[in-house]
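Enquirer: Below is the file entry34.cif, with mmCIF, C-alpha atoms.
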data_protein
loop_
_atom_site.label_atom_id
_atom_site.label_comp_id
_atom_site.auth_asym_id
_atom_site.auth_seq_id
_atom_site.Cartn_x
_atom_site.Cartn_y
_atom_site.Cartn_z
CA MET Q 166 12.58 -30.50 -17.07
CA ASN Q 167 11.41 -29.75 -13.55
CA PRO Q 168 7.61 -30.17 -13.60
CA GLY Q 169 7.22 -26.78 -11.92
CA ILE Q 170 9.16 -25.08 -14.72
CA ALA Q 171 7.12 -26.96 -17.30
CA LYS Q 172 3.88 -25.82 -15.65
CA LEU Q 173 5.14 -22.23 -15.50
CA SER Q 174 5.83 -22.38 -19.24
CA GLN Q 175 2.34 -23.70 -19.91
CA ILE Q 176 0.78 -20.91 -17.83
CA ALA Q 177 2.79 -18.30 -19.73
CA GLN Q 178 1.40 -19.56 -23.03
CA LYS Q 179 -2.25 -19.30 -21.96
CA LYS Q 180 -4.40 -16.49 -23.36
CA GLU Q 181 -5.48 -15.53 -19.86
CA ARG Q 182 -4.42 -16.40 -16.34
CA LEU Q 183 -6.26 -16.73 -13.03
CA ILE Q 184 -4.05 -15.02 -10.45
CA ILE Q 185 -4.62 -14.44 -6.74
CA GLY Q 186 -3.24 -11.08 -5.64
CA LEU Q 187 -2.48 -10.56 -1.94
CA MET Q 188 -2.02 -7.36 0.02
CA SER Q 189 -1.37 -6.86 3.72
CA GLY Q 190 -0.89 -3.22 4.64
CA THR Q 191 0.53 -1.34 7.58
CA SER Q 192 -2.89 -1.17 9.23
CA LEU Q 193 -2.71 -4.95 9.86
CA ASP Q 194 -6.48 -5.23 9.63
CA GLY Q 195 -6.44 -8.31 7.43
CA LEU Q 196 -5.26 -9.98 4.24
CA ASP Q 197 -6.80 -8.69 1.01
CA ILE Q 198 -7.31 -11.61 -1.38
CA ALA Q 199 -8.24 -10.70 -4.96
CA LEU Q 200 -8.98 -13.39 -7.55
CA CYS Q 201 -8.12 -11.77 -10.88
CA ARG Q 202 -8.62 -13.02 -14.41
CA ILE Q 203 -5.94 -11.30 -16.50
CA HIS Q 204 -5.77 -11.30 -20.28
CA GLY Q 205 -2.79 -10.01 -22.23
CA SER Q 206 0.12 -7.98 -20.91
CA GLY Q 207 1.67 -4.52 -21.05
CA THR Q 208 -0.67 -1.72 -22.07
CA ALA Q 209 -3.02 -4.35 -23.53
CA THR Q 210 -3.60 -5.86 -20.07
CA GLN Q 211 -7.24 -6.51 -19.20
CA LEU Q 212 -8.18 -7.36 -15.62
CA HIS Q 213 -11.46 -8.73 -14.34
CA LEU Q 214 -11.92 -9.06 -10.59
CA GLU Q 215 -13.70 -12.39 -10.11
CA ARG Q 216 -13.79 -12.54 -6.30
CA PHE Q 217 -12.50 -10.44 -3.43
CA GLU Q 218 -12.41 -10.82 0.30
CA THR Q 219 -10.52 -9.32 3.22
CA MET Q 220 -9.74 -12.11 5.66
CA ASP Q 221 -9.41 -10.72 9.17
CA TYR Q 222 -6.28 -11.37 11.17
CA ARG Q 223 -6.51 -12.82 14.65
CA PRO Q 224 -5.43 -10.45 17.45
CA SER Q 225 -2.47 -12.74 18.15
CA PHE Q 226 -1.21 -12.20 14.58
CA ARG Q 227 -1.31 -8.43 14.98
CA THR Q 228 0.44 -8.68 18.34
CA ASN Q 229 3.21 -10.85 16.90
CA VAL Q 230 3.87 -8.55 13.94
CA ARG Q 231 3.73 -5.39 16.05
CA GLU Q 232 6.51 -6.79 18.22
CA ILE Q 233 8.95 -5.89 15.44
CA PHE Q 234 6.91 -3.64 13.11
CA ALA Q 235 8.72 -0.38 12.20
CA LYS Q 236 11.11 -0.78 15.15
CA ARG Q 237 14.90 -0.45 14.97
CA SER Q 238 15.60 -2.59 18.03
CA ILE Q 239 13.94 -6.00 17.91
CA ASP Q 240 14.30 -9.65 18.94
CA GLN Q 241 15.93 -11.33 15.94
CA GLN Q 242 14.45 -14.69 16.84
CA VAL Q 243 10.99 -13.17 16.48
CA LEU Q 244 11.99 -11.63 13.15
CA CYS Q 245 13.28 -14.99 11.93
CA GLY Q 246 10.17 -16.84 13.04
CA LEU Q 247 7.76 -14.33 11.55
CA ASN Q 248 8.96 -14.95 8.00
CA PRO Q 249 7.51 -18.48 7.77
CA TYR Q 250 4.74 -17.70 10.29
CA ILE Q 251 3.25 -14.91 8.17
CA ALA Q 252 3.50 -17.08 5.06
CA GLU Q 253 1.71 -19.97 6.74
CA VAL Q 254 -1.07 -17.68 8.00
CA HIS Q 255 -1.49 -16.20 4.53
CA ALA Q 256 -1.51 -19.63 2.90
CA GLU Q 257 -4.20 -20.84 5.29
CA LEU Q 258 -6.33 -17.76 4.60
CA ILE Q 259 -5.98 -18.34 0.84
CA LEU Q 260 -7.15 -21.93 1.23
CA GLN Q 261 -10.10 -20.77 3.34
CA ALA Q 262 -11.07 -18.20 0.71
CA LEU Q 263 -10.89 -20.77 -2.09
CA GLN Q 264 -13.08 -23.11 -0.09
CA ARG Q 265 -15.66 -20.35 0.45
CA TRP Q 266 -15.62 -19.61 -3.28
CA GLY Q 267 -15.97 -23.26 -4.22
CA LEU Q 268 -12.67 -23.35 -6.11
CA LYS Q 269 -9.90 -25.95 -6.19
CA THR Q 270 -6.26 -24.92 -5.92
CA ALA Q 271 -5.66 -26.53 -9.34
CA ALA Q 272 -7.82 -23.82 -10.92
CA ILE Q 273 -5.40 -21.07 -9.84
CA ASP Q 274 -2.42 -20.31 -12.05
CA LEU Q 275 -0.40 -18.07 -9.74
CA ILE Q 276 -0.34 -16.36 -6.36
CA ALA Q 277 1.13 -12.84 -6.21
CA SER Q 278 2.07 -12.11 -2.60
CA HIS Q 279 3.16 -8.68 -1.42
CA GLY Q 280 3.99 -9.99 2.06
CA GLN Q 281 3.95 -7.91 5.23
CA THR Q 282 6.19 -4.85 5.34
CA VAL Q 283 7.97 -4.67 8.69
CA TYR Q 284 10.56 -2.00 7.93
CA HIS Q 285 11.14 0.52 5.15
CA ALA Q 286 14.50 2.28 5.06
CA PRO Q 287 15.27 4.42 1.99
CA HIS Q 288 18.10 6.94 2.23
CA SER Q 289 15.57 9.76 2.24
CA LEU Q 290 14.24 8.43 5.53
CA THR Q 291 17.37 7.13 7.26
CA GLY Q 292 20.04 9.52 6.00
CA ASP Q 293 22.43 6.56 6.29
CA ARG Q 294 24.57 6.16 3.15
CA ASP Q 295 26.60 3.26 4.56
CA PHE Q 296 23.84 0.92 3.39
CA PRO Q 297 21.76 0.85 0.19
CA ASN Q 298 18.08 1.78 0.08
CA SER Q 299 16.26 -1.10 1.75
CA THR Q 300 12.87 -2.46 2.66
CA LEU Q 301 11.78 -5.75 4.24
CA GLN Q 302 8.60 -7.72 3.60
CA LEU Q 303 8.03 -10.99 5.47
CA GLY Q 304 5.97 -13.99 4.41
CA ASP Q 305 8.23 -16.35 2.47
CA GLY Q 306 6.98 -17.34 -0.98
CA ASP Q 307 8.30 -20.91 -0.75
CA HIS Q 308 6.12 -21.59 2.27
CA ILE Q 309 3.04 -20.23 0.51
CA ALA Q 310 3.77 -22.28 -2.62
CA VAL Q 311 4.34 -25.52 -0.73
CA ARG Q 312 1.36 -25.03 1.59
CA THR Q 313 -1.09 -24.19 -1.22
CA GLY Q 314 0.43 -26.16 -4.09
CA ILE Q 315 0.27 -23.01 -6.26
CA ILE Q 316 3.24 -21.31 -7.96
CA THR Q 317 3.88 -18.11 -6.01
CA LEU Q 318 5.56 -14.83 -6.90
CA SER Q 319 6.65 -12.72 -3.94
CA ASP Q 320 9.18 -10.19 -2.64
CA PHE Q 321 8.42 -7.74 -5.48
CA ARG Q 322 10.14 -4.75 -3.94
CA GLN Q 323 13.68 -6.15 -3.96
CA LYS Q 324 14.06 -5.92 -7.77
CA HIS Q 325 12.96 -2.28 -7.58
CA LEU Q 326 15.73 -1.64 -5.04
CA ALA Q 327 18.30 -3.61 -7.04
CA ALA Q 328 17.51 -1.54 -10.13
CA GLY Q 329 18.05 1.75 -8.31
CA GLY Q 330 14.62 2.51 -6.86
CA GLU Q 331 13.51 2.89 -3.24
CA GLY Q 332 11.28 -0.19 -3.23
CA ALA Q 333 8.13 1.96 -3.25
CA PRO Q 334 5.63 2.96 -4.37
CA LEU Q 335 5.04 0.14 -6.83
CA ALA Q 336 1.48 1.14 -7.68
CA ALA Q 337 2.66 3.19 -10.67
CA TYR Q 338 3.34 0.05 -12.71
CA GLY Q 339 -0.11 -1.51 -12.54
CA ASP Q 340 -1.87 1.87 -12.53
CA TYR Q 341 -0.07 2.92 -15.71
CA LEU Q 342 -0.92 -0.32 -17.53
CA LEU Q 343 -4.57 -0.45 -16.47
CA PHE Q 344 -5.85 3.08 -15.97
CA SER Q 345 -4.06 5.54 -18.27
CA ASP Q 346 -6.59 7.58 -20.26
CA PRO Q 347 -6.27 9.31 -23.64
CA THR Q 348 -7.68 12.66 -22.50
CA GLU Q 349 -8.06 12.74 -18.69
CA ASN Q 350 -5.30 13.65 -16.22
CA ARG Q 351 -5.75 11.27 -13.30
CA ILE Q 352 -4.60 11.22 -9.69
CA LEU Q 353 -5.05 7.69 -8.32
CA LEU Q 354 -4.98 8.34 -4.59
CA ASN Q 355 -4.51 5.43 -2.22
CA ILE Q 356 -4.99 6.13 1.49
CA GLY Q 357 -3.57 3.24 3.49
CA GLY Q 358 -1.38 3.57 6.54
CA ILE Q 359 0.66 5.93 4.38
CA SER Q 360 -1.01 8.00 1.66
CA ASN Q 361 0.32 7.88 -1.89
CA PHE Q 362 -0.82 8.61 -5.39
CA THR Q 363 -0.03 7.72 -8.98
CA PHE Q 364 -0.13 10.63 -11.40
CA LEU Q 365 -1.35 9.49 -14.82
CA PRO Q 366 -1.18 12.32 -17.36
CA ALA Q 367 -3.50 12.26 -20.35
CA GLN Q 368 -1.85 10.13 -23.02
CA ALA Q 369 -2.11 13.03 -25.47
CA THR Q 370 0.41 15.04 -23.40
CA THR Q 371 4.19 14.73 -23.05
CA ALA Q 372 4.07 14.58 -19.23
CA GLN Q 373 5.31 11.43 -17.51
CA ALA Q 374 3.49 9.20 -15.07
CA TYR Q 375 4.94 8.72 -11.60
CA ALA Q 376 4.00 7.48 -8.13
CA THR Q 377 4.89 9.05 -4.81
CA ASP Q 378 4.17 8.78 -1.14
CA LEU Q 379 2.63 11.88 0.41
CA GLY Q 380 2.73 11.36 4.17
CA PRO Q 381 0.50 9.82 6.83
CA GLY Q 382 -2.78 8.23 5.90
CA ASN Q 383 -4.39 6.14 8.61
CA THR Q 384 -1.28 5.01 10.44
CA MET Q 385 -1.01 7.64 13.19
CA MET Q 386 -4.75 7.69 13.83
CA ASN Q 387 -4.88 3.89 14.03
CA GLN Q 388 -1.88 3.74 16.36
CA TYR Q 389 -3.43 6.33 18.66
CA MET Q 390 -6.71 4.43 18.86
CA GLU Q 391 -4.87 1.16 19.54
CA VAL Q 392 -2.78 2.59 22.38
CA HIS Q 393 -5.45 4.67 24.10
CA PHE Q 394 -8.67 2.78 23.36
CA GLN Q 395 -7.55 -0.73 22.27
CA GLN Q 396 -9.43 -0.21 19.00
CA GLU Q 397 -8.09 -0.82 15.52
CA MET Q 398 -9.38 2.49 14.15
CA ASP Q 399 -11.55 5.54 14.76
CA LYS Q 400 -14.60 4.02 13.09
CA ASP Q 401 -16.47 6.57 10.97
CA ALA Q 402 -14.14 9.23 12.47
CA ALA Q 403 -16.51 9.30 15.46
CA LEU Q 404 -13.89 10.52 17.96
CA ALA Q 405 -12.21 12.96 15.58
CA ARG Q 406 -15.57 14.61 14.85
CA GLN Q 407 -16.02 15.32 18.56
CA GLY Q 408 -12.74 17.24 18.77
CA LYS Q 409 -11.28 20.48 17.52
CA VAL Q 410 -8.03 20.85 15.59
CA ILE Q 411 -5.14 22.14 17.72
CA PRO Q 412 -3.62 24.78 15.38
CA GLU Q 413 -0.13 24.96 16.89
CA LEU Q 414 0.19 21.15 16.97
CA LEU Q 415 -1.00 20.87 13.38
CA GLN Q 416 1.53 23.46 12.28
CA GLU Q 417 4.32 21.64 14.11
CA LEU Q 418 3.43 18.33 12.47
CA GLN Q 419 3.29 20.00 9.06
CA SER Q 420 6.82 21.36 9.49
CA GLU Q 421 8.32 17.88 8.91
CA ASP Q 422 11.00 18.10 6.20
CA PHE Q 423 9.74 15.02 4.33
CA LEU Q 424 6.59 16.88 3.35
CA LYS Q 425 8.69 19.48 1.50
CA LEU Q 426 10.74 17.01 -0.58
CA ASP Q 427 10.20 16.85 -4.33
CA PHE Q 428 8.20 14.01 -5.90
CA PRO Q 429 8.62 11.09 -6.14
CA LYS Q 430 9.55 10.10 -2.58
CA THR Q 431 8.76 7.32 -0.11
CA THR Q 432 8.18 7.07 3.62
CA GLY Q 433 6.53 4.85 6.20
CA PRO Q 434 5.41 4.43 9.80
CA GLU Q 435 9.10 4.45 10.70
CA LEU Q 436 8.70 8.25 10.50
CA PHE Q 437 5.00 8.95 10.91
CA ASN Q 438 4.15 7.27 14.22
CA LEU Q 439 3.16 8.10 17.78
CA ARG Q 440 6.73 9.02 18.73
CA PHE Q 441 6.62 11.64 15.97
CA LEU Q 442 3.42 12.99 17.56
CA GLU Q 443 4.76 12.87 21.11
CA GLN Q 444 7.94 14.71 20.16
CA ALA Q 445 5.90 17.48 18.54
CA ILE Q 446 3.78 17.85 21.68
CA GLN Q 447 6.91 17.94 23.85
CA ARG Q 448 8.57 20.61 21.70
CA LEU Q 449 5.50 22.81 22.05
CA ARG Q 450 5.23 22.10 25.81
CA LEU Q 451 1.49 21.74 25.46
CA PRO Q 452 -0.64 20.95 28.51
CA GLU Q 453 -2.65 17.73 28.66
CA LEU Q 454 -4.71 17.44 25.49
CA ALA Q 455 -8.10 15.84 24.95
CA HIS Q 456 -8.07 12.61 22.97
CA ALA Q 457 -10.75 13.92 20.62
CA ASP Q 458 -8.74 17.06 19.86
CA ILE Q 459 -5.62 15.04 19.09
CA MET Q 460 -7.59 12.76 16.77
CA ALA Q 461 -9.14 15.76 15.02
CA THR Q 462 -5.65 17.17 14.52
CA LEU Q 463 -4.24 13.89 13.21
CA ASN Q 464 -7.16 13.57 10.82
CA ASN Q 465 -6.55 17.09 9.54
CA PHE Q 466 -2.81 16.43 9.29
CA ALA Q 467 -3.42 13.44 7.03
CA ALA Q 468 -5.90 15.40 4.93
CA SER Q 469 -3.65 18.44 4.56
CA SER Q 470 -0.66 16.29 3.55
CA ILE Q 471 -2.77 14.72 0.82
CA ILE Q 472 -4.33 18.01 -0.32
CA ASN Q 473 -1.01 19.86 -0.46
CA GLY Q 474 0.56 17.01 -2.41
CA ILE Q 475 -2.21 16.91 -5.00
CA GLN Q 476 -2.10 20.69 -5.36
CA ARG Q 477 1.64 20.55 -6.03
CA ALA Q 478 1.21 17.82 -8.64
CA THR Q 479 -1.65 19.50 -10.51
CA ARG Q 480 -0.84 23.24 -10.36
CA ASP Q 481 0.11 23.36 -14.07
CA LEU Q 482 -2.76 21.19 -15.32
CA ASP Q 483 -5.88 22.45 -17.05
CA GLY Q 484 -7.95 19.80 -15.28
CA PHE Q 485 -7.69 16.52 -13.40
CA THR Q 486 -9.76 13.92 -11.59
CA VAL Q 487 -8.92 12.19 -8.31
CA TYR Q 488 -9.91 8.55 -7.79
CA VAL Q 489 -9.63 7.25 -4.21
CA SER Q 490 -8.92 3.76 -2.90
CA GLY Q 491 -7.66 2.26 0.36
CA GLY Q 492 -8.90 2.24 3.93
CA GLY Q 493 -8.99 6.04 4.14
CA LEU Q 494 -11.92 5.98 1.75
CA HIS Q 495 -13.97 4.74 4.71
CA ASN Q 496 -12.95 7.65 6.96
CA PRO Q 497 -15.73 10.15 6.18
CA LEU Q 498 -14.10 13.15 7.86
CA LEU Q 499 -10.85 12.61 6.00
CA LEU Q 500 -12.64 12.22 2.68
CA GLU Q 501 -14.85 15.28 3.26
CA GLN Q 502 -11.78 17.48 3.65
CA ILE Q 503 -10.26 16.19 0.42
CA GLN Q 504 -13.53 16.61 -1.46
CA ALA Q 505 -13.92 20.16 -0.14
CA ALA Q 506 -10.45 21.05 -1.47
CA PHE Q 507 -11.24 19.72 -4.96
CA PRO Q 508 -15.01 20.16 -5.50
CA GLY Q 509 -16.46 17.76 -8.03
CA GLU Q 510 -13.08 16.21 -8.81
CA VAL Q 511 -12.86 13.46 -6.16
CA HIS Q 512 -14.47 10.06 -6.71
CA SER Q 513 -14.31 6.54 -5.34
CA PHE Q 514 -12.27 4.12 -7.44
CA THR Q 515 -15.51 2.31 -8.18
CA LYS Q 516 -16.04 4.89 -10.94
CA LEU Q 517 -13.18 3.22 -12.82
CA GLY Q 518 -14.88 -0.16 -12.47
CA LEU Q 519 -12.78 -1.67 -9.68
CA ASN Q 520 -13.52 -2.31 -6.02
CA PRO Q 521 -11.35 0.31 -4.24
CA ASP Q 522 -10.57 -2.06 -1.38
CA ALA Q 523 -9.25 -4.66 -3.83
CA LYS Q 524 -7.10 -2.34 -5.93
CA GLU Q 525 -3.70 -2.93 -4.32
CA ALA Q 526 -4.08 -6.71 -4.29
CA CYS Q 527 -5.11 -6.57 -7.96
CA LEU Q 528 -2.04 -4.52 -8.83
CA PHE Q 529 0.25 -7.22 -7.46
CA ALA Q 530 -1.56 -9.77 -9.62
CA VAL Q 531 -0.74 -7.52 -12.58
CA LEU Q 532 2.93 -7.35 -11.53
CA ALA Q 533 3.07 -11.16 -11.41
CA ASN Q 534 1.46 -11.36 -14.84
CA GLU Q 535 4.07 -8.96 -16.23
CA THR Q 536 6.91 -11.01 -14.78
CA LEU Q 537 5.58 -14.08 -16.55
CA VAL Q 538 4.53 -12.68 -19.93
CA GLY Q 539 5.33 -8.96 -20.02
CA GLU Q 540 8.28 -6.84 -21.09
CA PRO Q 541 10.06 -4.13 -19.07
CA SER Q 542 9.70 -1.73 -22.00
CA SER Q 543 5.96 -1.53 -21.29
CA VAL Q 544 6.66 0.63 -18.23
CA SER Q 545 9.66 2.56 -19.51
CA GLN Q 546 7.72 5.85 -19.58
CA ILE Q 547 7.17 5.99 -15.81
CA LYS Q 548 9.29 8.77 -14.32
CA ASP Q 549 12.10 7.80 -11.92
CA SER Q 550 10.96 4.16 -11.85
CA PRO Q 551 13.19 1.40 -13.23
CA ALA Q 552 11.73 -0.43 -16.23
CA ILE Q 553 11.71 -3.93 -14.75
CA CYS Q 554 9.59 -6.98 -14.05
CA MET Q 555 9.40 -7.91 -10.37
CA GLY Q 556 8.84 -10.87 -8.09
CA LYS Q 557 10.71 -14.02 -7.09
CA ILE Q 558 9.20 -17.29 -8.32
CA SER Q 559 8.59 -20.11 -5.83
CA LEU Q 560 7.63 -23.58 -7.06
CA PRO Q 561 5.51 -25.84 -4.89
CA TYR Q 562 7.61 -28.94 -5.74
#
Please, can you express the file's structure as structure tokens?
Expert:
Amino acid sequence: MNPGIAKLSQIAQKKERLIIGLMSGTSLDGLDIALCRIHGSGTATQLHLERFETMDYRPSFRTNVREIFAKRSIDQQVLCGLNPYIAEVHAELILQALQRWGLKTAAIDLIASHGQTVYHAPHSLTGDRDFPNSTLQLGDGDHIAVRTGIITLSDFRQKHLAAGGEGAPLAAYGDYLLFSDPTENRILLNIGGISNFTFLPAQATTAQAYATDLGPGNTMMNQYMEVHFQQEMDKDAALARQGKVIPELLQELQSEDFLKLDFPKTTGPELFNLRFLEQAIQRLRLPELAHADIMATLNNFAASSIINGIQRATRDLDGFTVYVSGGGLHNPLLLEQIQAAFPGEVHSFTKLGLNPDAKEACLFAVLANETLVGEPSSVSQIKDSPAICMGKISLPY
């Protein structure tokens, strides 16, 4: 037997596994590395976050990825080179994190790598039925496995596509297994580049769980700050607070058809980007606008997309609670608007006992655990999501 297969079998028979979950989002701020101790599987899964760190990317990494990120016309040589390049960067960051934590690679059972999304193309976004729903994440699992010496699961979204899904959102799977509650209806809101939520109905009801994208989160604001101020973000919403919302521009942005589609649905920065903003401004023939006013409008646009989505999902519920994770949690103006819309119902994910910045990386560790020891039937009650286990397995030897 191949020694890698033998080791995989041994790991599967353990009572608990030490799994590193990785997440690199559309904001490209850094690699989230979550060291998770996971016991059991399915609805009996128990996760303990042992260590967490976001390892910053070098500016050159961001520049290289942005050369092809969410673009239809690209240099294929760059695309080809980025697949191993991203994996090697991620592997090096994992090794650095383990060194900081005083851990040997031999102590880690698995790595669960989301990779870096560079293009997301479901039919609902492209309108092109000549090709299947598609999405592309770079950062090859074989390179990570060989470089670290740790068995790696990666490319999770392809099984979702193959089984009839759109490749996103995947959060529903881990959210359902970890955070369903007997009596509380929960909205697990994640505000990354794109905002999405998982709806977890109280287990005592007959409603089904599901996950859906909502619209822009941080992506348009971050892109605007990068282009006009060479900054990664509007820190503490400082610029947006100085401006005033432009009503006609906000209304034009809100007229986008995607926002009216039924749940669940997916989108990405392929739609919600600066070109989307510029086209709206051109259609309105607006005079030169102040940067602060545009940022205030983009902030409000993200907030209203989230608020409207939650209102649609909860209009027939007696009560619900919203738990927030992701980078948008650190945008105070964005969060204030959401909290004002749902007084007393919006909380940080810390209230559920998990670092909100680590949540997505942890969820991929759960997906890897399910692929090794779980059963697809555990997630069969999630609406419009194929009951599958995901992730390709890469052996280091």
Enquirer: Rounded to one decimal, what separation in Å do you get between atom CA of Cys527 of chain Q and atom CA of Ile276 of chain Q?
Expert: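 Atom CA of Cys527 of chain Q sits 11.0 Å away from atom CA of Ile276 of chain Q.
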Enquirer: Would you compute the distance between atom CA of Glu391 of chain Q and atom CA of Gln502 of chain Q? Give it in Å to one decimal.
Expert: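 Atom CA of Gln502 of chain Q lies 23.8 Å from atom CA of Glu391 of chain Q.
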Enquirer: Determine the residue set returned by the PyMOL selection byres ((chain Q and resi 167-172) around 9) for the present structure, and present it as a list in words.
Expert: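 With the PyMOL selection byres ((chain Q and resi 167-172) around 9) on this model, the match is Met166, Leu173, Ser174, Gln175, Ile176, Ala177, Ile316, Leu560, Pro561 and Tyr562 of chain Q.
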Enquirer: Rounded to one decimal in Å, what is the spacing between atom CA of Arg448 of chain Q and atom CA of Leu415 of chain Q?
Expert: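 Separation of atom CA of Arg448 of chain Q and atom CA of Leu415 of chain Q: 12.7 Å.
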Enquirer: Given the file shown, determine the residues that the PyMOL selection byres ((chain Q and resi 190-197) around 6) selects; report them as an MDAnalysis selection string.
Expert: chainID Q and resid 187:189 198 219:222 358
Enquirer: Pick the closest to Ser238 of chain Q from Q:Tyr284, Q:Ala327, Q:Asp481, Q:Ala526: which is it, counting all atoms listed in the file?
Expert: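 Ranked by minimum distance to Ser238 of chain Q, first place goes to Q:Tyr284.
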Enquirer: Please provide as a PyMOL selection string all residues within 8 Å of Phe514 of chain Q, with the sequence filter that same-chain residues fewer than 3 positions apart are discarded (counting only C-alpha atoms).
Expert: chain Q and resi 488-490+517-521
Enquirer: Export, as a short mmCIF file (atom, residue, chain, number, x, y, z; two decimals), in the frame of the given file, the selected residues with C-alpha atoms.
Expert:
data_model
loop_
_atom_site.label_atom_id
_atom_site.label_comp_id
_atom_site.auth_asym_id
_atom_site.auth_seq_id
_atom_site.Cartn_x
_atom_site.Cartn_y
_atom_site.Cartn_z
CA TYR Q 488 -9.91 8.55 -7.79
CA VAL Q 489 -9.63 7.25 -4.21
CA SER Q 490 -8.92 3.76 -2.90
CA LEU Q 517 -13.18 3.22 -12.82
CA GLY Q 518 -14.88 -0.16 -12.47
CA LEU Q 519 -12.78 -1.67 -9.68
CA ASN Q 520 -13.52 -2.31 -6.02
CA PRO Q 521 -11.35 0.31 -4.24
#
Enquirer: Check the smallest atom-to-atom distance from each of Q:Thr432, Q:Thr370, Q:Gln178, Q:Asn383 to Leu500 of chain Q using all atoms listed in the file, then report the winner.
Expert: Q:Asn383
Enquirer: So that I can check the surroundings of Val511 of chain Q, please list as a ChimeraX atom specification every protein, DNA and RNA residue that reaches within 7 Å of it, counting all atoms listed in the file and ignoring chain neighbours fewer than 5 positions away.
Expert: /Q:486-488,504
Enquirer: Suppose a student applies the PyMOL selection byres ((chain Q and resi 286) around 9) to this structure; what residues should they get, written as number ranges by chain?
Expert: Q: 284-285, 287-291, 297-301, 331, 432-433, 435
Enquirer: Can you pull out every residue within 7 Å of Ala468 of chain Q, counting all atoms listed in the file, but drop anything in the same chain fewer than 3 positions away, and send it as an mmCIF file with C-alpha atoms, keeping the file's coordinate frame?
Expert:
data_model
loop_
_atom_site.group_PDB
_atom_site.id
_atom_site.type_symbol
_atom_site.label_atom_id
_atom_site.label_comp_id
_atom_site.auth_asym_id
_atom_site.auth_seq_id
_atom_site.Cartn_x
_atom_site.Cartn_y
_atom_site.Cartn_z
ATOM 1 C CA ASN Q 464 -7.160 13.570 10.820
ATOM 2 C CA ASN Q 465 -6.550 17.090 9.540
ATOM 3 C CA ILE Q 471 -2.770 14.720 0.820
ATOM 4 C CA ILE Q 472 -4.330 18.010 -0.320
ATOM 5 C CA LEU Q 499 -10.850 12.610 6.000
ATOM 6 C CA GLN Q 502 -11.780 17.480 3.650
ATOM 7 C CA ILE Q 503 -10.260 16.190 0.420
#
Enquirer: Could segment 452-464 of chain Q be completed with N, CA and C atoms and written as an mmCIF file, in the frame of the given file, please?
Expert:
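As a result, rebuild.cif now contains:
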data_model
loop_
_atom_site.group_PDB
_atom_site.id
_atom_site.type_symbol
_atom_site.label_atom_id
_atom_site.label_comp_id
_atom_site.auth_asym_id
_atom_site.auth_seq_id
_atom_site.Cartn_x
_atom_site.Cartn_y
_atom_site.Cartn_z
ATOM 1 N N PRO Q 452 -0.038 21.617 27.346
ATOM 2 C CA PRO Q 452 -0.640 20.950 28.510
ATOM 3 C C PRO Q 452 -1.365 19.682 28.063
ATOM 4 N N GLU Q 453 -1.947 18.972 28.995
ATOM 5 C CA GLU Q 453 -2.650 17.730 28.660
ATOM 6 C C GLU Q 453 -3.745 18.020 27.640
ATOM 7 N N LEU Q 454 -3.784 17.214 26.600
ATOM 8 C CA LEU Q 454 -4.710 17.440 25.490
ATOM 9 C C LEU Q 454 -5.808 16.378 25.483
ATOM 10 N N ALA Q 455 -6.980 16.768 25.053
ATOM 11 C CA ALA Q 455 -8.100 15.840 24.950
ATOM 12 C C ALA Q 455 -7.872 14.868 23.797
ATOM 13 N N HIS Q 456 -8.234 13.618 24.015
ATOM 14 C CA HIS Q 456 -8.070 12.610 22.970
ATOM 15 C C HIS Q 456 -8.772 13.024 21.674
ATOM 16 N N ALA Q 457 -9.979 13.543 21.806
ATOM 17 C CA ALA Q 457 -10.750 13.920 20.620
ATOM 18 C C ALA Q 457 -10.051 15.025 19.835
ATOM 19 N N ASP Q 458 -9.440 15.972 20.536
ATOM 20 C CA ASP Q 458 -8.740 17.060 19.860
ATOM 21 C C ASP Q 458 -7.493 16.553 19.134
ATOM 22 N N ILE Q 459 -6.790 15.621 19.758
ATOM 23 C CA ILE Q 459 -5.620 15.040 19.090
ATOM 24 C C ILE Q 459 -6.054 14.278 17.836
ATOM 25 N N MET Q 460 -7.127 13.520 17.932
ATOM 26 C CA MET Q 460 -7.590 12.760 16.770
ATOM 27 C C MET Q 460 -8.076 13.700 15.665
ATOM 28 N N ALA Q 461 -8.719 14.777 16.021
ATOM 29 C CA ALA Q 461 -9.140 15.760 15.020
ATOM 30 C C ALA Q 461 -7.923 16.358 14.317
ATOM 31 N N THR Q 462 -6.875 16.600 15.084
ATOM 32 C CA THR Q 462 -5.650 17.170 14.520
ATOM 33 C C THR Q 462 -4.943 16.170 13.614
ATOM 34 N N LEU Q 463 -4.865 14.908 14.038
ATOM 35 C CA LEU Q 463 -4.240 13.890 13.210
ATOM 36 C C LEU Q 463 -5.014 13.663 11.913
ATOM 37 N N ASN Q 464 -6.325 13.723 12.007
ATOM 38 C CA ASN Q 464 -7.160 13.570 10.820
ATOM 39 C C ASN Q 464 -6.886 14.718 9.843
#
